[in-house]
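Take a look at the structure below.
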Amino acid sequence: MSVAQARAEYTFSGGRAGSGPATWGQQAIWDVVRNLGSDAARYNVSGGMPLPSPVPAARVEAAVRDLVLLHESLRTRLRPAGDGRLDQVVSAAGGIPVTTREATPDTVDATAYALRDELLAVPFDAEREWPLRVGVVEAGGGVRYVVFFLSHTASDGWGLRNLLADFAALLRGPLPPRELLQPLEEAAFQTSDRGRRRDAAARRSWLAKLGAGPPSMFPARAGARPAAAFPNAVLNSPALGLALDRVAASLSVTPASVVLAAAAASAARITGVGEAVFQVVVNNRFLPGMAGGVTTIAQEGLFHLTGTTRVAFADLVRRTFGAALSAQRHSYYDKLALDRDIAAFGGPCDHSCFVNDQRGLMPALGFAPPAPVPLREALTRTTLTWPVEHEPRRGVSFALDAQDAPGALELAMTADSALMPRADMAAFLFGVEDLIVSEALDAG
């Protein structure tokens, strides 16, 4: 059994201090999280790293300290600046909270899972708290597992992957110098002439797609009052874990395009609307120094696809690939300005459906590859559960996440049951699985 130790801090000093406008990504996530109420912790970002042999606690602390000094987002807090805008404040010194648990060598993984569940459920106060917490599991005279917990205002899933890679490297020694675009510099780009032009082009693209899209993705229930609680459904599918990459390879597209196409076709079966408008989460790491950064840059691009009914799935996937590229190209913008544009737009503009492909972006604990079983046998192992209900989410009809699970791929969906009752949610999720797995089976 693990033993809880006193909560402590990893102190740091000697970093650069500064302040300035928040980035578009920081502002967008702040606005989302503040509207989630008691559900805010669901937007926390977390990933863990097992250590194959015990590592001295002092070396782990030094690596975390170097990590915080390297990536300024990990020591950045946000504060309101008026007119709905935010400032970011970078501190030179402080202390990152760390919670340590002791375990025996054969209970390290179980202890790490329990620690992750405990700390992941605690929301962050992005104005008053550091946006990073660390969980440590010790056994056999050293640290055997490290788990990181971040406010989404500090990092997205791609940033978390970079954080874990840098931490692993720092345990081995100092990192070589490299260019990193810090959030203060990113904000400066966004207020430059080039940044303003990019923002304006993205917002024009959004408005054009909204004008061409359907007035409602759920015409049969349009205007219904949001449900008092939004159910959450999770389809755990070993077969999807096996089929998705096969289909993508056979059609020479990205796996994300396959997921989007299946979501569009499955939604059409439920709603009768032959086109899809989804907000899709896009990486956005295109400026020099962004690729290796730990910060929140990802934003939503607007995906619009027509002709989603009565078409071969392979053909729909190929068209989806092009539509997804358009969404990605115009996904970097000032969301406050976009929201004002949409409010003044006045045309058809249902953009209440979200799709987020998180596979490989949220490193978790102890994930194994899909089991090597025949695809038809894997289909028999699919499960659908309803783990929780969430508070109503403003402006959301449904949100679909594709995420890794041990030996499987999971589709996690939260929806307004006034628009998408539980039976429709289940049909939608099984429909996504059926489209992708059937295509894999047809392709041999």
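The way I read the labels, and the way they are meant: chains A, B, ... in the order of the structure tokens, residue 1 as the first residue of every chain, and ligand 1 as the first ligand shown, with later ones counted on from there.
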**Prompt:** A:Ala57: which residues within 9 Å, counting only C-alpha atoms, same-chain residues fewer than 3 positions away excluded, as a PyMOL selection string?
**Reply:** chain A and resi 54+60-62+136+138+142-143
Please write the residues from the selection above to a file, keeping C-alpha atoms, as a compact mmCIF listing (two decimals), in the first residue's frame.
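Now in again-v7.txt:
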```txt
# COMPACT_ATOMS: atom_id res chain seq x y z
CA PRO A 54 15.00 4.19 -9.51
CA VAL A 60 14.04 14.53 -10.76
CA GLU A 61 13.70 17.85 -8.97
CA ALA A 62 16.57 19.35 -10.99
CA VAL A 136 6.02 11.52 -7.89
CA GLU A 138 9.02 6.51 -5.06
CA GLY A 142 14.33 6.35 -5.82
CA VAL A 143 11.64 7.80 -8.08
```
**Message:** Show me, as a PyMOL selection string, the residues that have an atom within 7 Å of A:Val90 when counting only C-alpha atoms, minus same-chain residues fewer than 2 positions from it.
**Reply:** chain A and resi 17-19+72+75-77+88+92
Saved selection, atoms kept: N, CA and C atoms, as a short mmCIF file (atom, residue, chain, number, x, y, z; two decimals), in the first residue's frame:
```
data_model
loop_
_atom_site.label_atom_id
_atom_site.label_comp_id
_atom_site.auth_asym_id
_atom_site.auth_seq_id
_atom_site.Cartn_x
_atom_site.Cartn_y
_atom_site.Cartn_z
N ALA A 17 11.52 37.28 -16.35
CA ALA A 17 10.20 37.76 -15.93
C ALA A 17 9.69 38.74 -16.99
N GLY A 18 8.38 38.84 -17.09
CA GLY A 18 7.81 39.78 -18.04
C GLY A 18 6.31 39.68 -18.07
N SER A 19 5.68 40.58 -18.80
CA SER A 19 4.22 40.55 -18.94
C SER A 19 3.85 41.15 -20.28
N GLU A 72 8.47 28.97 -20.57
CA GLU A 72 7.92 30.04 -19.74
C GLU A 72 6.44 29.86 -19.45
N ARG A 75 5.45 28.81 -15.91
CA ARG A 75 5.51 29.77 -14.80
C ARG A 75 4.79 31.07 -15.18
N THR A 76 3.73 30.90 -15.95
CA THR A 76 2.92 32.04 -16.40
C THR A 76 1.54 31.98 -15.78
N ARG A 77 1.11 33.10 -15.26
CA ARG A 77 -0.27 33.24 -14.78
C ARG A 77 -0.98 34.30 -15.62
N GLN A 88 -0.73 38.10 -19.75
CA GLN A 88 0.05 36.99 -19.20
C GLN A 88 1.20 37.57 -18.39
N ALA A 92 9.94 35.03 -12.55
CA ALA A 92 11.32 34.55 -12.59
C ALA A 92 11.58 33.47 -11.55
#
```
**Message:** Excluding A:Arg85 and its own-chain neighbours fewer than 3 positions away, which residues fall within 9 Å of it when counting only C-alpha atoms? Please give them as a VMD selection string.
**Reply:** chain A and resid 21 to 22 27 79 to 82 336
**Message:** DSSP on the backbone, helix (DSSP H, G or I) only: what residues of stretch 10-241 of chain A does that give? Format it as number ranges by chain.
**Reply:** A: 24-34, 37-43, 57-70, 72-75, 105-120, 157-172, 183-190, 193-212, 219-221, 238-241
**Message:** Show me, as a count of residues only, the residues that have an atom within 10 Å of A:Leu240 when counting only C-alpha atoms, minus same-chain residues fewer than 5 positions from it.
**Reply:** 19
